[in-house]
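Visitor: Below you'll find model09.txt; it's compact mmCIF, C-alpha atoms.
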# COMPACT_ATOMS: atom_id res chain seq x y z
CA MET A 1 0.00 0.00 0.00
CA GLU A 2 1.40 3.29 -1.10
CA LEU A 3 0.24 5.01 2.11
CA GLU A 4 2.58 2.94 4.27
CA SER A 5 5.59 4.40 2.49
CA GLN A 6 4.29 7.93 3.19
CA ARG A 7 3.64 7.33 6.86
CA GLU A 8 7.09 8.50 7.90
CA ALA A 9 6.77 11.73 5.87
CA LEU A 10 3.42 12.41 7.53
CA ARG A 11 4.83 11.63 10.97
CA ARG A 12 7.65 14.14 10.43
CA ARG A 13 4.96 16.73 9.73
CA GLY A 14 3.26 15.79 12.97
CA LEU A 15 0.31 14.19 11.20
CA GLY A 16 -1.26 10.91 12.23
CA LEU A 17 -2.52 8.57 9.52
CA ALA A 18 -5.54 6.27 9.59
CA ALA A 19 -7.59 4.60 6.87
CA LEU A 20 -11.21 3.54 7.30
CA SER A 21 -13.35 1.09 5.34
CA TYR A 22 -16.52 -0.97 5.85
CA ASP A 23 -14.42 -4.13 6.27
CA SER A 24 -14.53 -6.29 9.40
CA VAL A 25 -11.67 -6.23 11.91
CA ALA A 26 -10.74 -9.74 10.63
CA ILE A 27 -10.40 -8.54 7.04
CA LEU A 28 -8.34 -5.53 8.09
CA LYS A 29 -6.12 -7.65 10.33
CA ASP A 30 -5.43 -10.04 7.44
CA PHE A 31 -4.86 -7.16 5.01
CA ALA A 32 -2.49 -5.36 7.40
CA ALA A 33 -0.47 -8.55 7.87
CA ARG A 34 -0.28 -9.32 4.15
CA LYS A 35 0.66 -5.75 3.24
CA LYS A 36 2.83 -5.09 6.31
CA ILE A 37 0.74 -2.08 7.28
CA ALA A 38 1.57 -0.59 10.65
CA PHE A 39 -0.77 2.40 10.73
CA PRO A 40 -4.35 2.07 12.05
CA LEU A 41 -6.91 0.56 9.67
CA LEU A 42 -10.36 1.33 11.03
CA SER A 43 -13.28 -1.04 10.76
CA ASP A 44 -16.70 0.51 10.14
CA PRO A 45 -18.81 -2.59 9.39
CA GLU A 46 -22.16 -0.80 9.77
CA SER A 47 -20.84 2.22 7.83
CA ALA A 48 -21.77 4.37 10.84
CA VAL A 49 -18.71 6.60 10.56
CA ILE A 50 -19.06 6.75 6.78
CA ARG A 51 -22.68 7.91 7.22
CA ALA A 52 -21.73 10.39 9.95
CA PHE A 53 -19.27 11.95 7.51
CA GLY A 54 -21.99 12.04 4.85
CA ILE A 55 -19.97 10.17 2.22
CA LEU A 56 -21.83 6.86 1.92
CA ASN A 57 -22.02 5.90 -1.75
CA GLU A 58 -25.59 4.66 -2.14
CA ALA A 59 -25.95 5.97 -5.68
CA ASP A 60 -23.57 3.42 -7.16
CA TYR A 61 -24.02 0.71 -4.51
CA PRO A 62 -27.66 0.47 -3.37
CA PRO A 63 -28.75 -1.77 -0.46
CA GLY A 64 -28.49 -5.50 -1.17
CA GLN A 65 -25.24 -5.32 -3.09
CA MET A 66 -22.07 -6.70 -1.56
CA ALA A 67 -20.54 -3.29 -1.93
CA HIS A 68 -23.40 -1.49 -0.17
CA GLY A 69 -21.88 0.52 2.67
CA VAL A 70 -18.74 1.73 0.93
CA PRO A 71 -17.84 5.42 1.00
CA TYR A 72 -16.87 7.72 -1.80
CA PRO A 73 -13.12 7.23 -1.50
CA GLY A 74 -11.29 10.31 -0.36
CA THR A 75 -9.02 11.88 2.18
CA PHE A 76 -9.49 14.54 4.87
CA VAL A 77 -6.57 16.43 6.39
CA ILE A 78 -7.85 17.46 9.85
CA ASP A 79 -6.18 19.80 12.35
CA THR A 80 -5.94 19.13 16.09
CA GLN A 81 -9.21 21.03 16.67
CA GLY A 82 -11.03 18.60 14.40
CA ILE A 83 -11.39 21.15 11.58
CA VAL A 84 -10.95 20.04 7.96
CA ARG A 85 -7.88 21.80 6.51
CA SER A 86 -7.95 20.15 3.10
CA ARG A 87 -9.76 17.32 1.42
CA PHE A 88 -9.33 15.24 -1.69
CA PHE A 89 -12.17 13.33 -3.30
CA GLU A 90 -12.22 11.68 -6.68
CA LYS A 91 -15.17 10.93 -8.90
CA THR A 92 -14.41 7.27 -9.54
CA TYR A 93 -13.02 4.58 -7.32
CA VAL A 94 -9.95 3.78 -9.35
CA GLU A 95 -8.90 7.40 -9.53
CA ARG A 96 -7.03 7.67 -6.29
CA ARG A 97 -4.72 10.52 -5.49
CA THR A 98 -1.51 9.15 -4.04
CA ALA A 99 -0.55 10.21 -0.52
CA ALA A 100 2.60 11.69 -2.02
CA SER A 101 0.42 13.85 -4.25
CA ILE A 102 -1.53 15.06 -1.19
CA LEU A 103 1.72 15.98 0.53
CA THR A 104 2.95 17.80 -2.59
CA LEU A 105 -0.24 19.85 -2.83
CA SER A 106 -0.08 20.61 0.92
CA GLY A 107 3.28 22.28 0.31
CA GLU A 108 5.48 19.43 1.51
CA THR A 109 7.64 17.94 -1.19
CA SER A 110 10.45 15.54 -1.17
CA PRO A 111 10.87 15.07 -4.92
CA ALA A 112 12.48 11.72 -5.46
CA SER A 113 14.37 13.02 -8.47
CA ALA A 114 14.24 16.48 -9.93
CA ASN A 115 15.35 17.49 -13.42
CA GLU A 116 17.16 20.80 -13.46
CA THR A 117 17.10 23.07 -16.50
CA SER A 118 18.63 26.49 -16.84
CA THR A 119 17.73 29.24 -19.29
CA PRO A 120 19.19 32.76 -19.51
CA THR A 121 16.19 34.11 -17.60
CA PHE A 122 15.20 31.43 -15.09
CA ALA A 123 16.08 28.05 -13.64
CA LEU A 124 13.48 25.29 -13.74
CA SER A 125 13.30 22.17 -11.62
CA THR A 126 10.75 19.54 -12.63
CA SER A 127 9.73 16.69 -10.33
CA SER A 128 6.65 14.67 -9.48
CA SER A 129 4.85 13.61 -6.33
CA SER A 130 5.66 9.98 -7.11
CA THR A 131 8.00 8.37 -9.56
CA GLU A 132 5.75 5.32 -9.66
CA ALA A 133 1.99 4.86 -9.64
CA ALA A 134 -0.64 2.19 -10.22
CA PRO A 135 -3.36 2.40 -12.86
CA GLY A 136 -6.08 4.82 -11.77
CA GLN A 137 -3.80 6.79 -9.49
CA ARG A 138 -3.46 10.54 -9.72
CA VAL A 139 0.02 12.01 -9.68
CA THR A 140 1.08 15.65 -9.32
CA LEU A 141 3.75 16.93 -11.68
CA VAL A 142 5.68 19.85 -10.22
CA LEU A 143 7.51 22.71 -11.95
CA ASP A 144 9.56 24.91 -9.62
CA PHE A 145 10.73 28.17 -11.15
CA ALA A 146 13.49 30.46 -9.90
CA MET A 147 13.45 33.65 -11.97
CA LYS A 148 16.78 35.44 -12.29
CA PRO A 149 16.96 38.88 -10.62
CA THR A 150 14.73 41.57 -12.22
CA MET A 151 13.15 38.94 -14.51
CA HIS A 152 9.44 38.16 -14.63
CA ALA A 153 7.32 35.69 -16.59
CA TYR A 154 3.82 36.53 -17.79
CA ALA A 155 0.96 34.87 -15.98
CA PRO A 156 -2.27 33.56 -17.56
CA GLY A 157 -4.42 36.50 -18.59
CA ALA A 158 -1.52 38.72 -19.66
CA GLN A 159 -2.54 40.47 -22.91
CA GLY A 160 0.06 41.00 -25.60
CA TYR A 161 2.57 38.54 -24.16
CA ARG A 162 2.91 34.78 -24.28
CA ALA A 163 1.59 33.74 -20.91
CA LEU A 164 3.10 30.80 -19.08
CA ARG A 165 1.38 27.64 -20.23
CA LEU A 166 2.10 23.94 -19.89
CA ARG A 167 0.87 21.80 -22.78
CA LEU A 168 1.21 18.10 -22.07
CA ASP A 169 1.11 15.80 -25.09
CA ALA A 170 -2.15 13.83 -25.13
CA GLN A 171 -1.90 10.07 -24.78
CA PRO A 172 -4.56 7.40 -24.27
CA LEU A 173 -3.19 6.12 -20.94
CA LEU A 174 -3.30 9.51 -19.25
CA THR A 175 -5.98 12.01 -18.24
CA ILE A 176 -4.52 15.49 -18.09
CA HIS A 177 -6.10 17.82 -15.54
CA GLU A 178 -5.93 21.61 -15.41
CA THR A 179 -2.63 23.25 -14.62
CA ALA A 180 -2.63 24.97 -11.22
CA PHE A 181 -0.88 28.33 -11.05
CA PRO A 182 0.02 30.36 -7.95
CA ALA A 183 -1.37 33.87 -7.44
CA SER A 184 0.20 36.32 -9.87
CA ARG A 185 1.21 39.92 -9.17
CA PRO A 186 -0.02 42.88 -11.23
CA TYR A 187 2.97 44.57 -12.85
CA HIS A 188 2.75 48.14 -14.03
CA PHE A 189 5.01 48.97 -16.96
CA ALA A 190 5.05 52.78 -17.07
CA PRO A 191 6.41 53.31 -20.61
CA LEU A 192 3.42 51.46 -22.10
CA HIS A 193 0.92 52.49 -19.40
CA GLU A 194 -0.04 48.87 -18.99
CA THR A 195 -0.62 46.56 -16.04
CA VAL A 196 -0.22 42.82 -16.61
CA PRO A 197 -0.14 39.78 -14.30
CA ILE A 198 3.32 38.32 -13.77
CA PHE A 199 5.27 35.76 -11.77
CA GLU A 200 8.66 36.60 -10.31
CA GLY A 201 11.13 35.18 -7.81
CA ARG A 202 10.45 31.60 -6.87
CA PHE A 203 7.10 30.04 -7.69
CA ARG A 204 5.57 26.66 -8.40
CA ILE A 205 3.03 25.40 -10.87
CA THR A 206 1.53 21.92 -10.55
CA GLN A 207 -0.14 19.67 -13.07
CA ASP A 208 -2.14 16.60 -12.09
CA VAL A 209 -2.40 13.58 -14.33
CA THR A 210 -4.41 10.41 -13.75
CA LEU A 211 -3.33 7.05 -15.10
CA ALA A 212 -5.98 5.13 -17.03
CA SER A 213 -7.68 2.12 -15.43
CA GLY A 214 -6.06 -1.29 -15.05
CA ARG A 215 -7.49 -2.86 -18.21
CA ASP A 216 -5.83 -0.26 -20.40
CA PHE A 217 -2.45 -1.14 -18.92
CA THR A 218 -2.66 -4.91 -19.52
CA GLU A 219 -0.21 -4.85 -22.43
CA LEU A 220 2.18 -2.32 -20.94
CA LEU A 221 2.33 -4.23 -17.64
CA LYS A 222 3.58 -7.33 -19.50
CA THR A 223 6.78 -5.50 -20.45
CA SER A 224 9.87 -5.83 -18.28
CA ASP A 225 9.98 -2.24 -17.05
CA PRO A 226 6.55 -0.69 -17.57
CA ALA A 227 6.76 3.09 -17.61
CA LEU A 228 4.86 6.04 -18.99
CA ALA A 229 6.74 8.91 -20.55
CA VAL A 230 4.88 12.16 -19.94
CA THR A 231 6.06 14.82 -22.34
CA GLY A 232 5.03 18.36 -23.02
CA THR A 233 5.96 21.89 -23.88
CA LEU A 234 6.29 24.82 -21.54
CA GLU A 235 5.47 28.10 -23.30
CA TYR A 236 6.60 31.35 -21.75
CA GLN A 237 7.82 34.85 -22.23
CA VAL A 238 10.16 36.64 -19.89
CA CYS A 239 10.99 40.31 -19.57
CA SER A 240 13.10 42.30 -17.16
CA ASP A 241 12.40 45.86 -16.14
CA ARG A 242 14.21 47.00 -19.29
CA VAL A 243 14.55 44.09 -21.77
CA CYS A 244 11.85 41.88 -23.25
CA TYR A 245 12.85 38.51 -24.60
CA PRO A 246 10.88 36.90 -27.44
CA PRO A 247 8.29 34.22 -26.69
CA ALA A 248 9.96 30.86 -26.14
CA ALA A 249 9.21 27.23 -25.40
CA LEU A 250 10.95 24.46 -23.49
CA LEU A 251 10.42 20.71 -23.73
CA VAL A 252 9.62 19.06 -20.40
CA HIS A 253 9.28 15.40 -19.52
CA TRP A 254 8.59 13.04 -16.65
CA THR A 255 8.76 9.27 -16.35
CA ILE A 256 6.24 7.41 -14.21
CA ARG A 257 6.93 3.76 -13.51
CA VAL A 258 3.66 1.82 -13.66
CA LEU A 259 2.88 -0.57 -10.82
CA PRO A 260 0.51 -3.53 -11.12
CA LEU A 261 -2.88 -3.22 -9.43
CA ASP A 262 -3.45 -5.10 -6.20
CA ARG A 263 -6.06 -7.77 -6.98
CA GLU A 264 -5.46 -10.09 -4.04
CA ARG A 265 -8.47 -10.77 -1.78
CA SER A 266 -8.70 -11.73 1.87
CA PRO A 267 -9.25 -15.43 2.79
CA GLU A 268 -12.68 -16.64 1.71
CA ALA A 269 -14.01 -17.29 5.20
CA ILE A 270 -13.87 -13.59 6.12
CA GLN A 271 -14.76 -12.09 2.73
CA HIS A 272 -17.72 -9.77 2.23
CA LYS A 273 -20.75 -11.68 1.01
CA ALA A 274 -23.50 -10.23 -1.16
CA ALA A 275 -26.73 -9.92 0.78
CA THR A 276 -29.26 -12.63 -0.08
CA HIS A 277 -32.85 -11.76 -0.85
CA MET B 1 -26.90 26.17 5.80
CA LEU B 2 -27.36 23.01 7.82
CA LEU B 3 -31.03 22.98 6.83
CA ILE B 4 -30.14 23.29 3.16
CA LEU B 5 -27.68 20.43 3.48
CA THR B 6 -30.22 18.29 5.30
CA ALA B 7 -32.80 18.98 2.61
CA LEU B 8 -30.25 18.13 -0.05
CA ALA B 9 -29.32 14.89 1.72
CA LEU B 10 -32.99 13.93 1.98
CA ALA B 11 -33.57 14.72 -1.69
CA MET B 12 -30.59 12.57 -2.61
CA ALA B 13 -31.67 9.71 -0.37
CA GLN B 14 -35.05 9.64 -2.09
CA SER B 15 -33.75 9.69 -5.63
CA PRO B 16 -33.92 6.30 -7.38
CA PRO B 17 -30.73 4.25 -7.48
CA ARG B 18 -28.68 4.76 -10.59
CA PRO B 19 -27.38 1.90 -12.69
CA ALA B 20 -23.76 1.18 -11.85
CA GLY B 21 -21.30 3.14 -13.91
CA SER B 22 -23.63 6.06 -14.58
CA PRO B 23 -22.34 9.49 -13.65
CA SER B 24 -23.20 9.98 -9.99
CA VAL B 25 -23.08 12.85 -7.49
CA ASP B 26 -19.89 14.84 -7.27
CA PRO B 27 -18.22 13.62 -4.05
CA ALA B 28 -16.41 16.94 -3.80
CA THR B 29 -19.70 18.40 -2.53
CA LEU B 30 -20.25 15.72 0.15
CA GLY B 31 -19.02 15.53 3.72
CA PRO B 32 -17.45 18.23 5.92
CA ALA B 33 -16.08 21.12 3.83
CA VAL B 34 -12.73 22.81 4.40
CA GLY B 35 -12.97 24.93 7.56
CA LYS B 36 -15.78 22.80 9.02
CA PRO B 37 -15.51 20.33 11.92
CA ILE B 38 -15.64 16.58 11.41
CA PRO B 39 -18.18 14.55 13.40
CA ARG B 40 -16.97 12.68 16.48
CA PHE B 41 -16.28 9.07 15.63
CA GLU B 42 -15.08 5.83 17.12
CA ALA B 43 -14.03 2.62 15.35
CA ARG B 44 -11.97 -0.47 16.03
CA ASP B 45 -8.56 -0.87 14.38
CA GLN B 46 -7.06 -4.05 12.90
CA ASP B 47 -6.00 -5.16 16.39
CA GLY B 48 -9.54 -4.74 17.73
CA ARG B 49 -8.71 -1.65 19.79
CA SER B 50 -11.24 1.15 19.97
CA ARG B 51 -9.86 4.35 18.40
CA ASP B 52 -11.16 7.91 18.23
CA PHE B 53 -9.84 11.13 16.71
CA GLU B 54 -7.71 12.01 19.74
CA SER B 55 -5.99 8.62 19.78
CA LEU B 56 -5.19 8.80 16.05
CA ALA B 57 -4.10 12.42 15.59
CA GLY B 58 -0.45 13.52 15.75
CA PRO B 59 0.65 16.88 17.23
CA ASN B 60 -0.52 18.64 14.02
CA GLY B 61 -3.58 16.60 13.22
CA LEU B 62 -4.69 13.60 11.23
CA VAL B 63 -4.82 12.41 7.64
CA LEU B 64 -7.98 10.29 7.49
CA VAL B 65 -8.38 8.18 4.37
CA PHE B 66 -11.72 6.63 3.41
CA PHE B 67 -11.16 3.68 1.10
CA ARG B 68 -13.50 1.24 -0.55
CA SER B 69 -12.44 -2.13 0.78
CA ALA B 70 -9.40 -4.15 1.75
CA ASP B 71 -11.26 -7.24 0.54
CA TRP B 72 -12.22 -6.77 -3.11
Is it possible to give me this structure as structure tokens?

Guide:
Amino acid sequence: MELESQREALRRRGLGLAALSYDSVAILKDFAARKKIAFPLLSDPESAVIRAFGILNEADYPPGQMAHGVPYPGTFVIDTQGIVRSRFFEKTYVERRTAASILTLSGETSPASANETSTPTFALSTSSSSTEAAPGQRVTLVLDFAMKPTMHAYAPGAQGYRALRLRLDAQPLLTIHETAFPASRPYHFAPLHETVPIFEGRFRITQDVTLASGRDFTELLKTSDPALAVTGTLEYQVCSDRVCYPPAALLVHWTIRVLPLDRERSPEAIQHKAATH
Amino acid sequence: MLLILTALALAMAQSPPRPAGSPSVDPATLGPAVGKPIPRFEARDQDGRSRDFESLAGPNGLVLVFFRSADW
């Protein structure tokens, strides 16, 4: 389980970790042993906690089905006062954001491997929340910019300049989500009497991608080292307080190793049974 | 606000079940929102011990993951 590997990173941030499902204590005990999980797995066999949180999925799993009682899968980050600080919910079961992605979006990153690029106007470091992911998982790609002194890049919405934009190349095994930009700063350029949004100093943009479902990866997973190459183009234009450089573009790429899906079930005696009518 | 949510929850509970795989409610709109408190809860862990929020949280809080099943 990917969460186990993130437990230490969460602990360093002073965050506890627990995962709750409608499984019996017996199923969770077996699962924890098989997967060597040391953090608390919580059993909610009547879905009482799931209901109290208001996230019971009855639309897809009505009463009578084996799966009745399951929640919409998601994650809450809760402060010590019991207040939700952030939350991550996905529309489909298989689309799960990795814990590493949650940490990345919460401002904590420990990029496993970053690619450094340098241009005359800025330095760029690209990394990702995880270097490996299973089908259906959502990964955050990270671009950390360090603008050189006096330099600024144009933010989305800047008229008359090529605004910063990440265009990932489409591919069938990947859903590309919207690029997330930080807040820009309005920049007044007196000679032209114009005010445009810019980025300067150090800033980060993130781009989420979701791997397709398991079936689509059947062929790729048969290869010896299954990996997805994520490629794209970063468009930008940079100016200083006195010089404007022409619009430019930079090729960017990431590699995500693809992990097989976990299909193992618990021993039959303790499995969930479909309700009989 | 609570009344609106309750009304919404009731409306949703009364809507007919959808066939599996059809587009369903957006889970982003369900459950406690950012800035809101979570309900008190208690559940047993894999060792059978009773756990609540206080026993699970670290000095800065808790990451609570809801997942579908460890079984299937």

Visitor: Chain A residues within 6 Å of chain B, counting all atoms listed in the file: which ones, as a ChimeraX atom specification?

Guide: /A:14-21,25,28-29,40-43,53-55,59-60,70,73-80,82-86,89,265-266

Visitor: What is the CA of Pro186 in chain A to CA of Glu116 in chain A distance in Å?

Guide: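 Interatomic distance, CA of Pro186 in chain A to CA of Glu116 in chain A: 28.1 Å.
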
Visitor: Please provide as number ranges by chain all residues within 8 Å of Leu173 in chain A, with the sequence filter that same-chain residues fewer than 5 positions apart are discarded (counting only C-alpha atoms).

Guide: A: 211-212, 216-217

Visitor: Enumerate, in order of chain and increasing residue number, the residues of range 107-180 of chain A with an atom no farther than 6 Å from range 244-262 of chain A, each with its shortest atom pair and distance in Å to one decimal, counting only C-alpha atoms, as a tab-separated table.

Guide:
residue	atom	partner	partner_atom	distance
A:Thr131	CA	A:Ile256	CA	5.1
A:Glu132	CA	A:Arg257	CA	4.3
A:Ala133	CA	A:Val258	CA	5.3
A:Ala134	CA	A:Leu259	CA	4.5
A:Arg162	CA	A:Pro247	CA	5.9

Visitor: Can you work out the spacing between CA of Pro172 in chain A and CA of Leu143 in chain A in Å, to one decimal?

Guide: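 According to the coordinates, CA of Pro172 in chain A and CA of Leu143 in chain A are separated by 23.1 Å.
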
Visitor: For a test of reading the model, state the distance in Å between CA of Pro182 in chain A and CA of Gln6 in chain A, rounded to one decimal.

Guide: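 Those two atoms sit 25.4 Å apart.
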
Visitor: Rank A:Asn115, A:Thr126, A:Thr210, A:Gln271 by their smallest atom-to-atom distance to Leu228 in chain A, using all atoms listed in the file, and report the top residue only.

Guide: A:Thr210

Visitor: List the spatial neighbours of range 197-204 of chain A as number ranges by chain - criterion: any atom at most 7 Å away, all atoms listed in the file, same-chain residues fewer than 5 positions off excluded.

Guide: A: 143-147, 151-155, 157-158, 182, 184-187

Visitor: When distances are computed from only C-alpha atoms, which of A:Tyr22, A:Pro135, A:Lys148, A:Gln237 shows the smallest separation from Thr121 in chain A?

Guide: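 Closest to Thr121 in chain A, using only C-alpha atoms: A:Lys148.
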
Visitor: Select, from A:Ala48, A:Ala32, A:Leu3, A:Ile205, the residue with the minimum atom-to-atom distance to Gly69 in chain A, counting all atoms listed in the file.

Guide: A:Ala48
